[in-house]
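Peer 1: This is the content of coords-v4.txt (compact mmCIF, C-alpha atoms):
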```txt
# COMPACT_ATOMS: atom_id res chain seq x y z
CA MET A 19 -4.21 10.46 -7.69
CA ILE A 20 -0.48 9.78 -7.60
CA LEU A 21 0.16 12.82 -5.41
CA ILE A 22 -2.46 11.71 -2.93
CA ILE A 23 -1.24 8.10 -2.75
CA VAL A 24 2.42 9.08 -2.23
CA HIS A 25 1.34 10.81 0.98
CA ILE A 26 1.21 7.36 2.58
CA PRO A 27 4.99 6.73 2.33
CA LEU A 28 5.56 10.37 3.31
CA MET A 29 3.55 9.94 6.51
CA LYS A 30 5.38 6.67 7.19
CA ASN A 31 8.68 8.52 6.93
CA ILE A 32 7.43 11.25 9.28
CA LEU A 33 6.45 8.57 11.80
CA LYS A 34 9.88 6.99 11.42
CA LEU A 35 11.54 10.32 12.26
CA LYS A 36 9.26 10.79 15.26
CA PHE A 37 10.13 7.31 16.52
CA ASN A 38 13.83 8.11 16.04
CA GLU A 39 13.39 11.24 18.16
CA LEU A 40 11.61 9.17 20.80
CA ASP A 41 14.47 6.66 20.80
CA GLU A 42 16.99 9.46 21.28
CA MET A 43 14.95 10.82 24.16
CA LEU A 44 14.74 7.35 25.70
CA GLU A 45 18.52 6.99 25.57
CA LEU A 46 18.85 10.17 27.62
CA HIS A 47 15.85 9.68 29.91
CA PRO A 48 14.67 6.04 30.12
CA ARG A 49 11.29 5.52 31.77
CA ASP A 50 10.86 9.27 32.32
CA ARG A 51 7.19 9.63 31.56
CA GLU A 52 7.17 13.44 31.72
CA LYS A 53 9.62 13.68 28.82
CA THR A 54 8.40 10.81 26.65
CA GLU A 55 4.63 10.95 27.05
CA PRO A 56 4.08 14.12 24.95
CA MET A 57 6.23 12.68 22.17
CA LEU A 58 4.42 9.36 22.28
CA LYS A 59 1.02 11.08 22.18
CA ALA A 60 2.12 13.00 19.08
CA ILE A 61 3.28 9.75 17.48
CA PHE A 62 -0.02 8.11 18.39
CA GLN A 63 -1.94 10.96 16.73
CA TRP A 64 0.22 10.75 13.60
CA HIS A 65 -0.41 7.02 13.45
CA GLN A 66 -4.16 7.61 13.64
CA LYS A 67 -3.87 10.17 10.82
CA TYR A 68 -1.90 7.64 8.79
CA ILE A 69 -4.63 5.02 9.20
CA LEU A 70 -7.39 7.53 8.41
CA ILE A 71 -5.65 8.75 5.26
CA THR A 72 -5.06 5.18 4.10
CA GLU A 73 -8.74 4.35 4.62
CA ALA A 74 -9.84 7.55 2.85
CA ILE A 75 -7.61 6.82 -0.14
CA GLN A 76 -8.93 3.27 -0.30
CA GLN A 77 -12.53 4.50 -0.36
CA LEU A 78 -11.84 7.44 -2.67
CA PHE A 79 -10.12 5.43 -5.38
CA PHE A 80 -12.07 2.18 -5.01
CA TRP A 81 -14.10 2.49 -8.22
CA ILE A 82 -11.36 4.25 -10.18
CA ILE A 83 -8.92 1.44 -9.55
CA PHE A 84 -11.49 -1.27 -10.21
CA ILE A 85 -12.52 0.26 -13.55
CA GLN A 86 -8.94 0.97 -14.65
CA ILE A 87 -7.71 -2.55 -13.87
CA PHE A 88 -10.80 -4.19 -15.39
CA PHE A 89 -10.60 -2.24 -18.63
CA ALA A 90 -6.81 -2.52 -18.88
CA THR A 91 -7.17 -6.30 -18.64
CA LEU A 92 -10.03 -6.31 -21.13
CA SER A 93 -8.04 -4.08 -23.46
CA VAL A 94 -5.06 -6.44 -23.35
CA VAL A 95 -7.23 -9.44 -24.21
CA ALA A 96 -9.05 -7.61 -27.02
CA THR A 97 -5.80 -6.28 -28.44
CA ILE A 98 -4.26 -9.75 -28.42
CA VAL A 99 -7.29 -11.06 -30.32
CA CYS A 100 -6.85 -8.28 -32.89
CA GLN A 101 -3.20 -9.24 -33.13
CA PHE A 102 -4.10 -12.89 -33.79
CA LEU A 103 -6.60 -11.92 -36.47
CA ASN A 104 -4.22 -9.40 -38.09
CA VAL A 105 -6.99 -6.81 -38.31
CA TRP A 106 -5.24 -3.91 -36.61
CA ALA A 107 -1.69 -2.93 -37.45
CA VAL A 108 -1.07 -0.72 -34.40
CA ALA A 109 -2.37 -3.25 -31.86
CA PRO A 110 1.06 -3.67 -30.20
CA VAL A 111 1.07 0.02 -29.23
CA LEU A 112 -2.23 -0.32 -27.36
CA LEU A 113 -1.05 -3.59 -25.89
CA VAL A 114 2.03 -1.95 -24.38
CA TYR A 115 -0.05 1.00 -23.13
CA SER A 116 -2.59 -1.33 -21.48
CA PHE A 117 0.13 -3.29 -19.72
CA VAL A 118 1.76 -0.06 -18.52
CA ILE A 119 -1.56 1.09 -17.02
CA LEU A 120 -2.13 -2.31 -15.40
CA TYR A 121 1.32 -2.43 -13.82
CA PHE A 122 1.23 1.26 -12.88
CA TYR A 123 -1.90 0.89 -10.76
CA CYS A 124 -0.67 -2.34 -9.23
CA GLY A 125 2.62 -0.58 -8.45
CA LEU A 126 0.74 2.12 -6.55
CA GLY A 127 -1.01 -0.53 -4.48
CA ASN A 128 2.32 -2.22 -3.86
CA LEU A 129 3.73 1.10 -2.64
CA VAL A 130 0.97 1.29 -0.03
CA ASP A 131 1.57 -2.32 1.05
CA ILE A 132 5.30 -1.74 1.44
CA SER A 133 4.65 1.40 3.50
CA ASN A 134 2.26 -0.51 5.77
CA ASP A 135 4.81 -3.28 6.32
CA ASP A 136 7.58 -0.76 6.97
CA LEU A 137 5.45 1.05 9.52
CA THR A 138 4.86 -2.17 11.45
CA ASN A 139 8.61 -2.75 11.56
CA ILE A 140 9.27 0.85 12.61
CA ILE A 141 6.86 0.56 15.51
CA TYR A 142 8.29 -2.75 16.63
CA ASP A 143 11.91 -1.60 16.33
CA CYS A 144 11.49 1.40 18.60
CA LYS A 145 12.81 1.21 22.14
CA TRP A 146 9.40 0.44 23.60
CA TYR A 147 10.98 -1.54 26.43
CA GLU A 148 12.38 1.73 27.84
CA LEU A 149 8.88 3.21 28.19
CA SER A 150 6.61 3.08 31.20
CA PRO A 151 3.97 0.30 31.22
CA THR A 152 1.18 2.73 30.23
CA GLU A 153 3.22 4.00 27.30
CA GLN A 154 4.09 0.45 26.30
CA LYS A 155 0.36 -0.22 26.00
CA MET A 156 0.05 2.73 23.62
CA VAL A 157 2.79 1.25 21.46
CA LEU A 158 1.06 -2.12 21.62
CA ILE A 159 -2.18 -0.55 20.37
CA MET A 160 -0.32 1.05 17.44
CA LEU A 161 1.38 -2.26 16.68
CA ARG A 162 -1.93 -4.15 16.66
CA VAL A 163 -3.58 -1.61 14.37
CA SER A 164 -0.59 -1.52 12.03
CA GLN A 165 -0.62 -5.30 11.58
CA LYS A 166 -4.02 -5.15 9.86
CA PRO A 167 -3.91 -1.84 7.99
CA PRO A 168 -6.39 -0.82 5.31
CA THR A 169 -5.00 -1.83 1.93
CA MET A 170 -5.97 -0.97 -1.61
CA THR A 171 -7.94 -3.64 -3.44
CA ILE A 172 -9.44 -4.32 -6.83
CA GLY A 173 -13.15 -4.33 -6.08
CA ASN A 174 -12.62 -6.02 -2.70
CA MET A 175 -11.71 -9.16 -4.66
CA MET A 176 -7.93 -8.96 -4.91
CA PRO A 177 -5.26 -6.87 -3.24
CA LEU A 178 -3.75 -4.22 -5.49
CA SER A 179 -0.14 -5.37 -5.69
CA MET A 180 2.51 -6.50 -8.13
CA ASN A 181 1.64 -10.11 -7.27
CA THR A 182 -1.89 -9.41 -8.48
CA ALA A 183 -0.50 -7.88 -11.68
CA LEU A 184 1.50 -11.05 -12.24
CA GLN A 185 -1.58 -13.22 -11.63
CA LEU A 186 -3.60 -11.10 -14.07
CA THR A 187 -0.82 -11.38 -16.66
CA LYS A 188 -0.83 -15.16 -16.29
CA SER A 189 -4.63 -15.22 -16.67
CA ILE A 190 -4.43 -12.99 -19.73
CA TYR A 191 -1.81 -15.28 -21.25
CA THR A 192 -3.99 -18.31 -20.61
CA ALA A 193 -7.03 -16.62 -22.16
CA ALA A 194 -4.93 -15.46 -25.11
CA MET A 195 -3.66 -18.96 -25.80
CA LEU A 196 -7.21 -20.35 -25.63
CA LEU A 197 -8.33 -17.68 -28.10
CA HIS A 198 -5.33 -18.36 -30.31
CA ASN A 199 -6.18 -22.08 -30.45
CA PHE A 200 -9.81 -21.17 -31.17
CA VAL A 201 -8.83 -18.82 -34.02
CA LYS A 202 -6.60 -21.44 -35.66
```
What do you get writing this file as structure tokens?

Peer 2:
Amino acid sequence: MILIIVHIPLMKNILKLKFNELDEMLELHPRDREKTEPMLKAIFQWHQKYILITEAIQQLFFWIIFIQIFFATLSVVATIVCQFLNVWAVAPVLLVYSFVILYFYCGLGNLVDISNDDLTNIIYDCKWYELSPTEQKMVLIMLRVSQKPPTMTIGNMMPLSMNTALQLTKSIYTAAMLLHNFVK
């Protein structure tokens, strides 16, 4: 799963290199459609592949991520209850493991979000103003699509990000304190 998800930043970096090549070409030949159009078409195709791979990863790992996050959260709460009741001596080990799993998956989602944001900036920062009007429209299409990219979610309820991990940790803490007051 990790190897598949890290393809997203890899493809973003490939697109960045392709845009850098386009910028170099535009410095030498501004508004020369014969030289820039093939490069821009290749960039456009790579951008479409990027979007398709991101959507495929989102669909492929939808249930895996939902189940892992749900059970990691449930495991943390149950382990904290065991800790309060002093019924399981090795509860802190499972507690640490559950938090690692929770933050690991949220970190993967955050990696995808960062790549999507970077790609939007890469597209905008290219020398699109040196292109012909038709080519500028192609860049505009890529920019529009990149502003609403497919992102990884937890059951279509929450985005998979470090912010979500923090919110879940706060919720777990609140539930743990309620349980602690109940146990006392």

Peer 1: Have a look at A:Ile141, A:Ile75, A:Ala194, A:Ile119 and name the one nearest to Leu161 in chain A; count all atoms listed in the file.

Peer 2: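 Closest residue, counting all atoms listed in the file: A:Ile141.
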
Peer 1: Excluding range 31-39 of chain A and any residue of its chain fewer than 2 positions from it, enumerate the residues within 12 Å of it, using all atoms listed in the file, and give them as an MDAnalysis selection string.

Peer 2: chainID A and resid 24:29 41:46 53:54 56:69 133:134 136:146 157 160

Peer 1: If you measure from CA of Ile20 in chain A to CA of Val118 in chain A, what distance in Å do you get, rounded to one decimal?

Peer 2: 14.9 Å

Peer 1: Dump as a PDB file with C-alpha atoms, in the frame of the given file all residues having an atom at most 9 Å from (0.7, -5.6, -13.1), computed in the file's coordinates with all atoms listed in the file.

Peer 2:
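The result, written out as result_22.pdb:
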```pdb
ATOM      1  CA  ILE A  87      -7.710  -2.550 -13.870  1.00  0.00           C
ATOM      2  CA  PHE A 117       0.130  -3.290 -19.720  1.00  0.00           C
ATOM      3  CA  VAL A 118       1.760  -0.060 -18.520  1.00  0.00           C
ATOM      4  CA  ILE A 119      -1.560   1.090 -17.020  1.00  0.00           C
ATOM      5  CA  LEU A 120      -2.130  -2.310 -15.400  1.00  0.00           C
ATOM      6  CA  TYR A 121       1.320  -2.430 -13.820  1.00  0.00           C
ATOM      7  CA  PHE A 122       1.230   1.260 -12.880  1.00  0.00           C
ATOM      8  CA  TYR A 123      -1.900   0.890 -10.760  1.00  0.00           C
ATOM      9  CA  CYS A 124      -0.670  -2.340  -9.230  1.00  0.00           C
ATOM     10  CA  GLY A 125       2.620  -0.580  -8.450  1.00  0.00           C
ATOM     11  CA  LEU A 178      -3.750  -4.220  -5.490  1.00  0.00           C
ATOM     12  CA  SER A 179      -0.140  -5.370  -5.690  1.00  0.00           C
ATOM     13  CA  MET A 180       2.510  -6.500  -8.130  1.00  0.00           C
ATOM     14  CA  ASN A 181       1.640 -10.110  -7.270  1.00  0.00           C
ATOM     15  CA  THR A 182      -1.890  -9.410  -8.480  1.00  0.00           C
ATOM     16  CA  ALA A 183      -0.500  -7.880 -11.680  1.00  0.00           C
ATOM     17  CA  LEU A 184       1.500 -11.050 -12.240  1.00  0.00           C
ATOM     18  CA  GLN A 185      -1.580 -13.220 -11.630  1.00  0.00           C
ATOM     19  CA  LEU A 186      -3.600 -11.100 -14.070  1.00  0.00           C
ATOM     20  CA  THR A 187      -0.820 -11.380 -16.660  1.00  0.00           C
TER      21      THR A 187
END
```

Peer 1: Counting only C-alpha atoms, figure out which residue out of A:Ile23, A:Cys100, A:Ile159, A:Met170 gets nearest to Trp81 in chain A.

Peer 2: A:Met170

Peer 1: Rounded to one decimal place, report the CA of Lys30 in chain A-CA of Val130 in chain A distance in Å.

Peer 2: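 Computed distance, CA of Lys30 in chain A to CA of Val130 in chain A, equals 10.0 Å.
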
Peer 1: Looking at only C-alpha atoms, which of A:Ala193, A:Leu149, A:Met19, A:Ile172 is the one that sits closest to Val94 in chain A?

Peer 2: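 With only C-alpha atoms as the atom set, the closest residue is A:Ala193.
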
Peer 1: Choose the residue, out of A:Thr169, A:Thr192, A:Asn128, A:Asn174, that has the smallest atom-to-atom separation from Thr72 in chain A; count all atoms listed in the file.

Peer 2: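 Once distances to Thr72 in chain A are computed over all atoms listed in the file, the minimum belongs to A:Thr169.
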
Peer 1: Provide the CA of Gln165 in chain A to CA of Asp135 in chain A distance in Å, to one decimal place.

Peer 2: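 We find that CA of Gln165 in chain A and CA of Asp135 in chain A lie 7.8 Å from each other.
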
Peer 1: I'd like the neighbourhood of Met195 in chain A as a PDB file with C-alpha atoms, in the coordinates of the input, where a residue qualifies if any of its atoms comes within 10 Å (using only C-alpha atoms), though same-chain residues fewer than 6 positions away should be ignored.

Peer 2:
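result-v2.pdb, written as the output of this step:
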```pdb
ATOM      1  CA  ILE A  98      -4.260  -9.750 -28.420  1.00  0.00           C
ATOM      2  CA  VAL A  99      -7.290 -11.060 -30.320  1.00  0.00           C
ATOM      3  CA  SER A 189      -4.630 -15.220 -16.670  1.00  0.00           C
ATOM      4  CA  VAL A 201      -8.830 -18.820 -34.020  1.00  0.00           C
TER       5      VAL A 201
END
```

Peer 1: How would you write as a PDB file with C-alpha atoms, in the coordinates of the input the residues that get within 12 Å of (-6.1, -10.8, -34.3) in the file's frame, counting only C-alpha atoms?

Peer 2:
```
ATOM      1  CA  VAL A  94      -5.060  -6.440 -23.350  1.00  0.00           C
ATOM      2  CA  VAL A  95      -7.230  -9.440 -24.210  1.00  0.00           C
ATOM      3  CA  ALA A  96      -9.050  -7.610 -27.020  1.00  0.00           C
ATOM      4  CA  THR A  97      -5.800  -6.280 -28.440  1.00  0.00           C
ATOM      5  CA  ILE A  98      -4.260  -9.750 -28.420  1.00  0.00           C
ATOM      6  CA  VAL A  99      -7.290 -11.060 -30.320  1.00  0.00           C
ATOM      7  CA  CYS A 100      -6.850  -8.280 -32.890  1.00  0.00           C
ATOM      8  CA  GLN A 101      -3.200  -9.240 -33.130  1.00  0.00           C
ATOM      9  CA  PHE A 102      -4.100 -12.890 -33.790  1.00  0.00           C
ATOM     10  CA  LEU A 103      -6.600 -11.920 -36.470  1.00  0.00           C
ATOM     11  CA  ASN A 104      -4.220  -9.400 -38.090  1.00  0.00           C
ATOM     12  CA  VAL A 105      -6.990  -6.810 -38.310  1.00  0.00           C
ATOM     13  CA  TRP A 106      -5.240  -3.910 -36.610  1.00  0.00           C
ATOM     14  CA  ALA A 107      -1.690  -2.930 -37.450  1.00  0.00           C
ATOM     15  CA  VAL A 108      -1.070  -0.720 -34.400  1.00  0.00           C
ATOM     16  CA  ALA A 109      -2.370  -3.250 -31.860  1.00  0.00           C
ATOM     17  CA  PRO A 110       1.060  -3.670 -30.200  1.00  0.00           C
ATOM     18  CA  ALA A 194      -4.930 -15.460 -25.110  1.00  0.00           C
ATOM     19  CA  LEU A 197      -8.330 -17.680 -28.100  1.00  0.00           C
ATOM     20  CA  HIS A 198      -5.330 -18.360 -30.310  1.00  0.00           C
ATOM     21  CA  ASN A 199      -6.180 -22.080 -30.450  1.00  0.00           C
ATOM     22  CA  PHE A 200      -9.810 -21.170 -31.170  1.00  0.00           C
ATOM     23  CA  VAL A 201      -8.830 -18.820 -34.020  1.00  0.00           C
ATOM     24  CA  LYS A 202      -6.600 -21.440 -35.660  1.00  0.00           C
TER      25      LYS A 202
END
```
